[in-house]
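Reproduced below: protein34.txt, with compact mmCIF, C-alpha atoms.
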# COMPACT_ATOMS: atom_id res chain seq x y z
CA MET A 2 8.83 -78.93 35.25
CA THR A 3 8.59 -81.40 32.47
CA ALA A 4 9.95 -80.92 28.99
CA ASN A 5 6.45 -80.61 27.60
CA ALA A 6 5.56 -78.00 30.17
CA GLN A 7 8.71 -76.04 29.41
CA THR A 8 8.07 -76.20 25.69
CA SER A 9 4.53 -75.17 26.27
CA THR A 10 5.60 -72.26 28.50
CA SER A 11 8.22 -71.08 26.04
CA ARG A 12 5.69 -71.34 23.21
CA ILE A 13 3.24 -69.26 25.19
CA ALA A 14 5.94 -66.72 25.95
CA ARG A 15 6.84 -66.52 22.25
CA LEU A 16 3.18 -66.17 21.29
CA ARG A 17 2.78 -63.37 23.80
CA LYS A 18 5.83 -61.61 22.39
CA LEU A 19 4.53 -62.06 18.87
CA SER A 20 1.06 -60.94 19.92
CA VAL A 21 2.42 -57.84 21.63
CA ALA A 22 4.69 -57.16 18.66
CA GLY A 23 1.79 -57.79 16.29
CA ILE A 24 -0.50 -55.48 18.22
CA ALA A 25 2.20 -52.81 18.35
CA THR A 26 2.84 -53.19 14.63
CA ALA A 27 -0.85 -53.15 13.85
CA GLY A 28 -1.29 -50.09 16.10
CA ALA A 29 1.57 -48.27 14.40
CA ALA A 30 0.14 -49.10 10.98
CA ALA A 31 -3.29 -47.93 12.06
CA ALA A 32 -1.83 -44.72 13.41
CA ALA A 33 0.12 -44.16 10.20
CA LEU A 34 -2.97 -44.73 8.11
CA THR A 35 -4.95 -42.39 10.32
CA LEU A 36 -2.33 -39.65 10.05
CA ALA A 37 -1.60 -40.09 6.35
CA PRO A 38 -4.15 -38.35 4.12
CA SER A 39 -6.12 -40.34 1.62
CA PRO A 40 -5.27 -39.65 -2.04
CA ALA A 41 -8.50 -37.62 -2.37
CA HIS A 42 -7.71 -35.61 0.76
CA ALA A 43 -4.12 -35.09 -0.35
CA ALA A 44 -5.31 -33.83 -3.77
CA GLU A 45 -7.82 -31.50 -2.10
CA HIS A 46 -5.15 -30.20 0.27
CA THR A 47 -2.69 -29.68 -2.59
CA SER A 48 -5.21 -27.78 -4.71
CA VAL A 49 -6.14 -25.60 -1.72
CA SER A 50 -2.45 -24.96 -1.03
CA VAL A 51 -1.74 -24.13 -4.67
CA THR A 52 -4.78 -21.86 -4.80
CA ALA A 53 -3.73 -20.17 -1.56
CA GLU A 54 -0.17 -19.78 -2.86
CA LYS A 55 -1.42 -18.26 -6.12
CA ALA A 56 -3.70 -15.87 -4.23
CA ALA A 57 -0.84 -14.87 -1.93
CA ALA A 58 1.45 -14.31 -4.91
CA ALA A 59 -1.20 -12.20 -6.64
CA ASP A 60 -1.70 -10.13 -3.47
CA ALA A 61 2.03 -9.64 -2.88
CA PRO A 62 2.37 -6.50 -5.07
CA ALA A 63 -0.71 -4.96 -3.46
CA LYS A 64 0.58 -5.72 0.03
CA LYS A 65 3.98 -4.32 -0.90
CA ALA A 66 2.37 -1.16 -2.26
CA LYS A 67 0.31 -0.77 0.90
CA LYS A 68 3.44 -1.20 3.00
CA ALA A 69 5.40 1.23 0.88
CA LYS A 70 2.71 3.89 0.91
CA LYS A 71 1.81 5.50 4.19
CA GLY A 72 -1.84 5.74 5.01
CA TYR A 73 -2.82 9.34 4.29
CA ALA A 74 -6.26 10.68 5.10
CA ASP A 75 -8.36 11.65 2.10
CA ASN A 76 -8.68 15.26 3.25
CA LEU A 77 -6.68 18.48 3.21
CA ASP A 78 -4.41 17.39 6.06
CA GLY A 79 -3.67 14.05 4.36
CA TRP A 80 -3.07 15.65 0.95
CA ILE A 81 -0.62 18.16 2.43
CA ASN A 82 1.24 15.47 4.37
CA GLU A 83 1.48 13.20 1.33
CA ALA A 84 2.68 16.12 -0.80
CA LEU A 85 5.28 17.02 1.84
CA ASP A 86 6.66 13.47 1.80
CA ILE A 87 6.92 13.56 -2.01
CA MET A 88 8.44 17.04 -1.92
CA LYS A 89 11.01 15.88 0.63
CA SER A 90 11.98 12.94 -1.59
CA LYS A 91 12.38 15.32 -4.57
CA ASN A 92 14.17 18.07 -2.59
CA ILE A 93 11.35 20.58 -3.10
CA PRO A 94 11.29 23.01 -0.16
CA GLY A 95 8.13 23.87 1.72
CA SER A 96 6.36 23.49 5.03
CA TYR A 97 2.94 22.37 6.16
CA GLU A 98 2.18 25.92 7.32
CA GLY A 99 3.28 27.50 4.01
CA LEU A 100 1.23 25.06 1.95
CA LYS A 101 -1.88 25.33 4.08
CA ARG A 102 -1.73 29.14 4.23
CA ASN A 103 -1.53 29.38 0.43
CA ILE A 104 -4.19 26.68 -0.12
CA MET A 105 -6.66 28.43 2.16
CA ARG A 106 -6.07 31.76 0.40
CA GLU A 107 -6.30 30.29 -3.11
CA SER A 108 -9.13 27.72 -2.82
CA SER A 109 -10.33 27.52 0.79
CA GLY A 110 -9.25 23.87 0.64
CA ASN A 111 -11.51 22.89 -2.28
CA PRO A 112 -9.58 20.64 -4.73
CA ASN A 113 -12.21 21.36 -7.42
CA ALA A 114 -11.99 25.14 -7.15
CA GLN A 115 -11.75 26.90 -10.51
CA ASN A 116 -11.20 30.58 -11.24
CA ASN A 117 -13.35 31.57 -14.21
CA TRP A 118 -12.86 35.33 -14.07
CA ASP A 119 -9.14 36.26 -13.97
CA VAL A 120 -6.90 36.95 -16.95
CA ASN A 121 -5.91 33.28 -17.23
CA ALA A 122 -9.57 32.26 -17.49
CA GLN A 123 -10.19 35.04 -20.04
CA ASN A 124 -7.31 33.59 -22.09
CA GLY A 125 -8.85 30.11 -21.92
CA THR A 126 -6.71 28.51 -19.19
CA PRO A 127 -8.49 28.92 -15.85
CA SER A 128 -6.62 28.33 -12.61
CA LYS A 129 -7.71 25.09 -10.93
CA GLY A 130 -7.26 23.06 -7.80
CA LEU A 131 -6.08 23.67 -4.28
CA LEU A 132 -3.31 26.07 -5.29
CA GLN A 133 -5.00 27.49 -8.41
CA VAL A 134 -2.52 26.30 -11.02
CA ILE A 135 -3.03 26.76 -14.77
CA GLN A 136 -2.52 23.76 -17.06
CA PRO A 137 0.71 24.97 -18.75
CA THR A 138 2.33 25.61 -15.35
CA PHE A 139 1.14 22.24 -14.07
CA ASP A 140 2.56 20.51 -17.16
CA ALA A 141 5.92 22.28 -16.81
CA TYR A 142 6.28 21.65 -13.04
CA HIS A 143 4.50 18.30 -12.66
CA VAL A 144 6.30 16.11 -10.15
CA LYS A 145 7.01 12.58 -11.36
CA GLY A 146 5.26 9.97 -9.26
CA THR A 147 2.06 12.01 -8.88
CA LYS A 148 -1.01 11.78 -11.07
CA HIS A 149 -0.92 13.81 -14.25
CA ASP A 150 -4.22 15.45 -13.28
CA LEU A 151 -4.35 19.17 -12.51
CA THR A 152 -7.14 18.80 -9.96
CA ASP A 153 -5.65 15.81 -8.14
CA PRO A 154 -4.91 17.35 -4.72
CA VAL A 155 -1.43 15.89 -4.23
CA ALA A 156 -0.35 16.49 -7.84
CA ASN A 157 -1.66 20.08 -7.66
CA ILE A 158 0.16 20.80 -4.40
CA THR A 159 3.49 19.30 -5.50
CA ALA A 160 3.44 21.00 -8.92
CA ALA A 161 2.60 24.37 -7.35
CA ALA A 162 5.30 23.93 -4.69
CA ASN A 163 7.80 22.94 -7.40
CA TYR A 164 6.89 26.09 -9.38
CA ALA A 165 7.09 28.28 -6.25
CA ALA A 166 10.50 26.80 -5.37
CA ASP A 167 11.79 27.63 -8.86
CA ARG A 168 10.31 31.12 -8.88
CA TYR A 169 10.42 32.22 -5.21
CA GLY A 170 12.73 29.75 -3.46
CA SER A 171 9.86 28.03 -1.60
CA ILE A 172 6.08 28.00 -1.28
CA ASP A 173 6.77 29.43 2.18
CA ASN A 174 7.91 32.69 0.53
CA VAL A 175 4.59 33.16 -1.29
CA ASP A 176 2.21 35.53 0.47
CA SER A 177 -0.11 36.46 -2.35
CA ALA A 178 -1.32 35.17 -5.68
CA TYR A 179 1.58 33.84 -7.68
Just give me the structure as structure tokens.
Amino acid sequence: MTANAQTSTSRIARLRKLSVAGIATAGAAAAALTLAPSPAHAAEHTSVSVTAEKAAAADAPAKKAKKAKKGYADNLDGWINEALDIMKSKNIPGSYEGLKRNIMRESSGNPNAQNNWDVNAQNGTPSKGLLQVIQPTFDAYHVKGTKHDLTDPVANITAAANYAADRYGSIDNVDSAY
């Protein structure tokens, strides 16, 4: 091979290397540009992320409360079970059977029941709620952490059970009007 042919061959080889390197570099740059978001896309993504983060932070207390609170049915069974869990945490004795027996006798399970004829009603403080509690007794035996509402089913049950525990040892020991 002549010197010119060798020079020409080596030049071609170098050009091929440069071309391959150039194509590889160009391909890498194109890939990087394709994968990298545009400034507008990046700003949109950031605002969506920030909005999502703010929404998640705002929902965190609600999610925590839902986790912390068991799901109780909004009926007599659920009210009794929720009251029992609260009573257990406050060391107030009582059983499902004792609560239900007294509730059925006092109100037939109606949280809005009101006695307008007994001596309490005649004196201006009718018995109300599932366990027919009068307002002064409810106020004195209200269990912290429940609503301060005499006819709220769970608050009524826990206050009555707290009163019965103080007076009779347990709601389970009550077999007539108390």
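Reported to one decimal place, the separation of CA of Pro154 (chain A) from CA of Gly95 (chain A) is 15.9 Å.
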Selection: 12 Å around region 80-84 of chain A, only C-alpha atoms, excl. self and same-chain fewer than 3 positions, as a PyMOL selection string: chain A and resi 70-77+87-105+110-112+131-132+144-148+153-163
Could those residues be written to a file, using C-alpha atoms, as a PDB file, keeping the file's coordinate frame?
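File written: out-v2.pdb
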ATOM      1  CA  LYS A  70       2.710   3.890   0.910  1.00  0.00           C
ATOM      2  CA  LYS A  71       1.810   5.500   4.190  1.00  0.00           C
ATOM      3  CA  GLY A  72      -1.840   5.740   5.010  1.00  0.00           C
ATOM      4  CA  TYR A  73      -2.820   9.340   4.290  1.00  0.00           C
ATOM      5  CA  ALA A  74      -6.260  10.680   5.100  1.00  0.00           C
ATOM      6  CA  ASP A  75      -8.360  11.650   2.100  1.00  0.00           C
ATOM      7  CA  ASN A  76      -8.680  15.260   3.250  1.00  0.00           C
ATOM      8  CA  LEU A  77      -6.680  18.480   3.210  1.00  0.00           C
ATOM      9  CA  ILE A  87       6.920  13.560  -2.010  1.00  0.00           C
ATOM     10  CA  MET A  88       8.440  17.040  -1.920  1.00  0.00           C
ATOM     11  CA  LYS A  89      11.010  15.880   0.630  1.00  0.00           C
ATOM     12  CA  SER A  90      11.980  12.940  -1.590  1.00  0.00           C
ATOM     13  CA  LYS A  91      12.380  15.320  -4.570  1.00  0.00           C
ATOM     14  CA  ASN A  92      14.170  18.070  -2.590  1.00  0.00           C
ATOM     15  CA  ILE A  93      11.350  20.580  -3.100  1.00  0.00           C
ATOM     16  CA  PRO A  94      11.290  23.010  -0.160  1.00  0.00           C
ATOM     17  CA  GLY A  95       8.130  23.870   1.720  1.00  0.00           C
ATOM     18  CA  SER A  96       6.360  23.490   5.030  1.00  0.00           C
ATOM     19  CA  TYR A  97       2.940  22.370   6.160  1.00  0.00           C
ATOM     20  CA  GLU A  98       2.180  25.920   7.320  1.00  0.00           C
ATOM     21  CA  GLY A  99       3.280  27.500   4.010  1.00  0.00           C
ATOM     22  CA  LEU A 100       1.230  25.060   1.950  1.00  0.00           C
ATOM     23  CA  LYS A 101      -1.880  25.330   4.080  1.00  0.00           C
ATOM     24  CA  ARG A 102      -1.730  29.140   4.230  1.00  0.00           C
ATOM     25  CA  ASN A 103      -1.530  29.380   0.430  1.00  0.00           C
ATOM     26  CA  ILE A 104      -4.190  26.680  -0.120  1.00  0.00           C
ATOM     27  CA  MET A 105      -6.660  28.430   2.160  1.00  0.00           C
ATOM     28  CA  GLY A 110      -9.250  23.870   0.640  1.00  0.00           C
ATOM     29  CA  ASN A 111     -11.510  22.890  -2.280  1.00  0.00           C
ATOM     30  CA  PRO A 112      -9.580  20.640  -4.730  1.00  0.00           C
ATOM     31  CA  LEU A 131      -6.080  23.670  -4.280  1.00  0.00           C
ATOM     32  CA  LEU A 132      -3.310  26.070  -5.290  1.00  0.00           C
ATOM     33  CA  VAL A 144       6.300  16.110 -10.150  1.00  0.00           C
ATOM     34  CA  LYS A 145       7.010  12.580 -11.360  1.00  0.00           C
ATOM     35  CA  GLY A 146       5.260   9.970  -9.260  1.00  0.00           C
ATOM     36  CA  THR A 147       2.060  12.010  -8.880  1.00  0.00           C
ATOM     37  CA  LYS A 148      -1.010  11.780 -11.070  1.00  0.00           C
ATOM     38  CA  ASP A 153      -5.650  15.810  -8.140  1.00  0.00           C
ATOM     39  CA  PRO A 154      -4.910  17.350  -4.720  1.00  0.00           C
ATOM     40  CA  VAL A 155      -1.430  15.890  -4.230  1.00  0.00           C
ATOM     41  CA  ALA A 156      -0.350  16.490  -7.840  1.00  0.00           C
ATOM     42  CA  ASN A 157      -1.660  20.080  -7.660  1.00  0.00           C
ATOM     43  CA  ILE A 158       0.160  20.800  -4.400  1.00  0.00           C
ATOM     44  CA  THR A 159       3.490  19.300  -5.500  1.00  0.00           C
ATOM     45  CA  ALA A 160       3.440  21.000  -8.920  1.00  0.00           C
ATOM     46  CA  ALA A 161       2.600  24.370  -7.350  1.00  0.00           C
ATOM     47  CA  ALA A 162       5.300  23.930  -4.690  1.00  0.00           C
ATOM     48  CA  ASN A 163       7.800  22.940  -7.400  1.00  0.00           C
TER      49      ASN A 163
END
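Note that CA of Arg168 (chain A) and CA of Phe139 (chain A) are 13.8 Å apart.
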Check the smallest atom-to-atom distance from each of A:Gln123, A:Gln136, A:Ser177, A:Ser171 to Leu151 (chain A) using all atoms listed in the file, then report the winner. A:Gln136
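Taking CA of Ala122 (chain A) and CA of Gly170 (chain A) as endpoints, the distance between them is 26.5 Å.
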Taking all atoms listed in the file into account, which of A:Asp173, A:Asp150, A:Asp78, A:Asp86 comes nearest Lys129 (chain A)? A:Asp150
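Nearest-residue note for Val134 (chain A): choosing from A:Val120, A:Leu85, A:Asp176, A:Tyr164, the minimum distance belongs to A:Tyr164, counting all atoms listed in the file.
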